[in-house]
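Input: a single structure, listed below in structure tokens.
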Amino acid sequence: MPQRSMTQDDPLEDFTRRDVVIDGIAKVVYVAGAGPAVIVMTEMPGISPHVARFARWVRDAGFTVYMPSLFGRDGAVPDAEEGAAIFQRACVSAEFRALSANQSSPVAIWLRSLARLAHGECGGPGVGAIGMCFTGNFALTMMLEPSMLAPVLSQPSLPLNDPAGIEIAPEEVRAVRARLERDDLTVMAYRFEGDRFCMAQRFAAYAEALGDRFIARVLPDSAANTDLAPFFARHVTTPHSVVTAHLIDQAGQPTIAARDEILAFFRQRLLSS
């Protein structure tokens with residue numbers, strides 16, 4: 001993959017921009033690659049060059065990436081003020097229940113349908129998905145869709161006002177756990193040790209809800225990149241984004257090891273069957 005600047009807007013020219021309408025709701029989805037489908041859900045404040053870089057790593061690992069636009073300007077590096085405005089709008093959006101523990105965001109229903117669509121288009125044994133930050137929990141809720149086989153939760157940050165809360169309805173988490181047990185599946189999850197948006201209490205709550213089907217990875221804060229875009233430099237004051245903004249793109253780095261483990265997880269579930 002050619003080197004691209006992480007400080008300039010990404011034109012996303014190597015993705016196909018599609019208008020996808022599901023259940024009467026239209027969203028832009030960027031698609032690239034070949035092979036089984038993996039849905040890459042953006043972190044706040046949108047599809048940044050860092051998020052697009054991760055999607056390209058997934059594509060180059062042998063998958064078809066579906067990257068839905070959920071908020072923000074696609075491909076942009078927003079300044080601190082614009083990024084904060086995007087965050088505030090998402091917090092009050094009916095699609096995201098940012099302050100509600102034990103409830104699932106309505107957008108997760110659309111994303112489950114996207115997984116079903118992507119599986120129909122790409123074939124293979126099933127679909128993988130990764131959520132990050134604001135979308136971090138959505139890959140878990142998507143496990144209610146039978147085609148979903150490989151969920152990854154990267155620094156799941158909702159609900160914002162309850163460090164021990166998880167953003168999924170109790171009856172849904174019970175159904176997800178039953179499916180994980182029945183189909184012998186696991187959930188991968190990643191966070192930095194000092195992350196103030198995704199704290200240890202949240203991972204403990206996931207572990208209690210999912211048992212040994214929940215596999216947690218906690219990275220040391222010293223492993224985080226400190227050369228940050230304006231939004232992160234001002235508003236994200238602890239290490240947070242494991243495979244995007246805080247990733248150090250150098251061999252031997254813990255964040256690169258996390259990326260490689262995620263790609264291996266997708267391969268195991270989606271290419272080995």
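Residue numbering restarts at 1 for every chain of the structure tokens, chains are lettered A, B, ... in their displayed order, and ligands are numbered from 1 as they appear.
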Sorted per-residue table, region 151-267 of chain A near region 36-41 of chain A, closest atoms and distance, 12 Å, only C-alpha atoms, as CSV:
residue,atom,partner,partner_atom,distance
A:Pro151,CA,A:Val38,CA,9.5
A:Val152,CA,A:Val40,CA,9.8
A:Leu153,CA,A:Met41,CA,10.2
A:Ser154,CA,A:Met41,CA,10.1
A:Pro156,CA,A:Met41,CA,11.6
A:Val243,CA,A:Val40,CA,11.6
A:Thr244,CA,A:Val40,CA,11.8
A:Ile262,CA,A:Val38,CA,11.4
A:Leu263,CA,A:Val38,CA,10.3
A:Phe265,CA,A:Val38,CA,11.4
A:Phe266,CA,A:Val38,CA,8.1
A:Arg267,CA,A:Pro36,CA,9.4
Requested write-out: all heavy atoms of the selected residues, as an mmCIF file, in the first residue's frame:
data_model
loop_
_atom_site.group_PDB
_atom_site.id
_atom_site.type_symbol
_atom_site.label_atom_id
_atom_site.label_comp_id
_atom_site.auth_asym_id
_atom_site.auth_seq_id
_atom_site.Cartn_x
_atom_site.Cartn_y
_atom_site.Cartn_z
ATOM 1 N N PRO A 151 -16.377 -10.431 15.306
ATOM 2 C CA PRO A 151 -16.561 -9.080 15.836
ATOM 3 C C PRO A 151 -15.324 -8.579 16.588
ATOM 4 O O PRO A 151 -14.732 -9.300 17.393
ATOM 5 C CB PRO A 151 -17.738 -9.260 16.804
ATOM 6 C CG PRO A 151 -17.581 -10.660 17.306
ATOM 7 C CD PRO A 151 -16.936 -11.457 16.192
ATOM 8 N N VAL A 152 -14.960 -7.320 16.324
ATOM 9 C CA VAL A 152 -13.843 -6.668 17.013
ATOM 10 C C VAL A 152 -14.335 -5.353 17.596
ATOM 11 O O VAL A 152 -14.929 -4.527 16.888
ATOM 12 C CB VAL A 152 -12.661 -6.405 16.058
ATOM 13 C CG1 VAL A 152 -11.527 -5.688 16.795
ATOM 14 C CG2 VAL A 152 -12.160 -7.712 15.449
ATOM 15 N N LEU A 153 -14.086 -5.153 18.882
ATOM 16 C CA LEU A 153 -14.459 -3.926 19.587
ATOM 17 C C LEU A 153 -13.178 -3.173 19.917
ATOM 18 O O LEU A 153 -12.375 -3.633 20.743
ATOM 19 C CB LEU A 153 -15.211 -4.238 20.877
ATOM 20 C CG LEU A 153 -16.684 -4.670 20.799
ATOM 21 C CD1 LEU A 153 -16.889 -5.885 19.927
ATOM 22 C CD2 LEU A 153 -17.205 -4.938 22.206
ATOM 23 N N SER A 154 -12.948 -2.049 19.266
ATOM 24 C CA SER A 154 -11.762 -1.247 19.529
ATOM 25 C C SER A 154 -12.170 -0.013 20.313
ATOM 26 O O SER A 154 -12.970 0.797 19.838
ATOM 27 C CB SER A 154 -11.073 -0.858 18.210
ATOM 28 O OG SER A 154 -9.796 -0.320 18.450
ATOM 29 N N PRO A 156 -14.345 0.657 22.741
ATOM 30 C CA PRO A 156 -15.777 0.991 22.748
ATOM 31 C C PRO A 156 -16.079 2.039 23.817
ATOM 32 O O PRO A 156 -15.833 1.811 24.996
ATOM 33 C CB PRO A 156 -16.454 -0.348 23.040
ATOM 34 C CG PRO A 156 -15.409 -1.168 23.744
ATOM 35 C CD PRO A 156 -14.110 -0.751 23.142
ATOM 36 N N VAL A 243 -5.922 1.287 16.640
ATOM 37 C CA VAL A 243 -5.456 0.942 15.286
ATOM 38 C C VAL A 243 -5.554 2.112 14.315
ATOM 39 O O VAL A 243 -5.412 1.930 13.113
ATOM 40 C CB VAL A 243 -6.216 -0.284 14.726
ATOM 41 C CG1 VAL A 243 -5.898 -1.525 15.543
ATOM 42 C CG2 VAL A 243 -7.707 -0.044 14.667
ATOM 43 N N THR A 244 -5.771 3.317 14.842
ATOM 44 C CA THR A 244 -5.878 4.480 13.951
ATOM 45 C C THR A 244 -4.966 5.606 14.433
ATOM 46 O O THR A 244 -3.761 5.554 14.251
ATOM 47 C CB THR A 244 -7.345 4.936 13.816
ATOM 48 O OG1 THR A 244 -7.893 5.156 15.127
ATOM 49 C CG2 THR A 244 -8.185 3.887 13.103
ATOM 50 N N ILE A 262 -5.760 -8.554 14.735
ATOM 51 C CA ILE A 262 -7.110 -8.359 14.203
ATOM 52 C C ILE A 262 -7.217 -8.943 12.800
ATOM 53 O O ILE A 262 -8.181 -9.651 12.476
ATOM 54 C CB ILE A 262 -7.470 -6.867 14.215
ATOM 55 C CG1 ILE A 262 -7.618 -6.377 15.657
ATOM 56 C CG2 ILE A 262 -8.760 -6.606 13.425
ATOM 57 C CD1 ILE A 262 -7.678 -4.873 15.789
ATOM 58 N N LEU A 263 -6.224 -8.659 11.960
ATOM 59 C CA LEU A 263 -6.249 -9.210 10.605
ATOM 60 C C LEU A 263 -6.199 -10.739 10.638
ATOM 61 O O LEU A 263 -6.889 -11.410 9.860
ATOM 62 C CB LEU A 263 -5.085 -8.647 9.788
ATOM 63 C CG LEU A 263 -5.104 -7.130 9.543
ATOM 64 C CD1 LEU A 263 -3.873 -6.712 8.748
ATOM 65 C CD2 LEU A 263 -6.374 -6.694 8.829
ATOM 66 N N PHE A 265 -7.347 -12.612 13.029
ATOM 67 C CA PHE A 265 -8.670 -13.026 13.504
ATOM 68 C C PHE A 265 -9.660 -13.082 12.347
ATOM 69 O O PHE A 265 -10.419 -14.055 12.202
ATOM 70 C CB PHE A 265 -9.125 -12.043 14.575
ATOM 71 C CG PHE A 265 -10.494 -12.295 15.149
ATOM 72 C CD1 PHE A 265 -10.793 -13.468 15.812
ATOM 73 C CD2 PHE A 265 -11.480 -11.320 15.046
ATOM 74 C CE1 PHE A 265 -12.049 -13.680 16.366
ATOM 75 C CE2 PHE A 265 -12.738 -11.516 15.595
ATOM 76 C CZ PHE A 265 -13.031 -12.702 16.247
ATOM 77 N N PHE A 266 -9.655 -12.055 11.501
ATOM 78 C CA PHE A 266 -10.526 -12.063 10.332
ATOM 79 C C PHE A 266 -10.183 -13.231 9.402
ATOM 80 O O PHE A 266 -11.077 -13.916 8.885
ATOM 81 C CB PHE A 266 -10.427 -10.741 9.574
ATOM 82 C CG PHE A 266 -11.052 -9.562 10.278
ATOM 83 C CD1 PHE A 266 -10.533 -8.277 10.104
ATOM 84 C CD2 PHE A 266 -12.152 -9.711 11.100
ATOM 85 C CE1 PHE A 266 -11.108 -7.185 10.730
ATOM 86 C CE2 PHE A 266 -12.733 -8.629 11.734
ATOM 87 C CZ PHE A 266 -12.204 -7.356 11.552
ATOM 88 N N ARG A 267 -8.884 -13.466 9.185
ATOM 89 C CA ARG A 267 -8.496 -14.569 8.330
ATOM 90 C C ARG A 267 -8.975 -15.907 8.893
ATOM 91 O O ARG A 267 -9.479 -16.768 8.152
ATOM 92 C CB ARG A 267 -6.971 -14.599 8.168
ATOM 93 C CG ARG A 267 -6.386 -13.461 7.347
ATOM 94 C CD ARG A 267 -4.912 -13.744 7.035
ATOM 95 N NE ARG A 267 -4.247 -12.562 6.528
ATOM 96 C CZ ARG A 267 -3.493 -11.737 7.268
ATOM 97 N NH1 ARG A 267 -3.322 -12.005 8.557
ATOM 98 N NH2 ARG A 267 -2.927 -10.694 6.733
#
Would you pick out the contacts of region 183-186 of chain A at 12 Å or less, using only C-alpha atoms, so that residues sharing its chain but fewer than 6 positions from it are not included, and give the list as an MDAnalysis selection string? chainID A and resid 128 139:140 143 146:153 176:177 207 210:216 265:266 268:270
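Proximity of A:Glu171, A:Ser113, A:Ala245, A:Ala26 to Ser48 (chain A), computed with only C-alpha atoms, is greatest for A:Ala245.
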Helix (DSSP H, G or I) per DSSP on the backbone: members of region 146-241 of chain A, as a PyMOL selection string: chain A and resi 170-183+200-213+221-223+230-235
Write out as number ranges by chain each polymer residue whose atoms come within 12 Å of Pro254 (chain A), counting only C-alpha atoms; drop sequence neighbours fewer than 6 positions from it. A: 190-192, 217-225, 242-243, 246-248, 260-261
Report as JSON lines: every residue of region 80-177 of chain A with an atom at most 9 Å from region 201-205 of chain A, its closest pair of atoms, and their distance in Å to one decimal, counting only C-alpha atoms, with rows sorted by chain and ascending residue number.
{"residue": "A:Pro156", "atom": "CA", "partner": "A:Arg202", "partner_atom": "CA", "distance": 8.4}
{"residue": "A:Ser157", "atom": "CA", "partner": "A:Arg202", "partner_atom": "CA", "distance": 8.7}
{"residue": "A:Asp162", "atom": "CA", "partner": "A:Arg202", "partner_atom": "CA", "distance": 8.6}
{"residue": "A:Pro163", "atom": "CA", "partner": "A:Arg202", "partner_atom": "CA", "distance": 5.7}
{"residue": "A:Ala164", "atom": "CA", "partner": "A:Arg202", "partner_atom": "CA", "distance": 4.4}
{"residue": "A:Gly165", "atom": "CA", "partner": "A:Arg202", "partner_atom": "CA", "distance": 6.1}
{"residue": "A:Ile166", "atom": "CA", "partner": "A:Arg202", "partner_atom": "CA", "distance": 6.6}
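Closest approach to Trp57 (chain A) among A:Ile168, A:Leu117, A:Ala76, A:Ile256: A:Ile256, based on only C-alpha atoms.
Distance check against Asp79 (chain A) using only C-alpha atoms: of A:Val51, A:Gln155, A:Pro45, A:Ala258, the minimum falls on A:Pro45.
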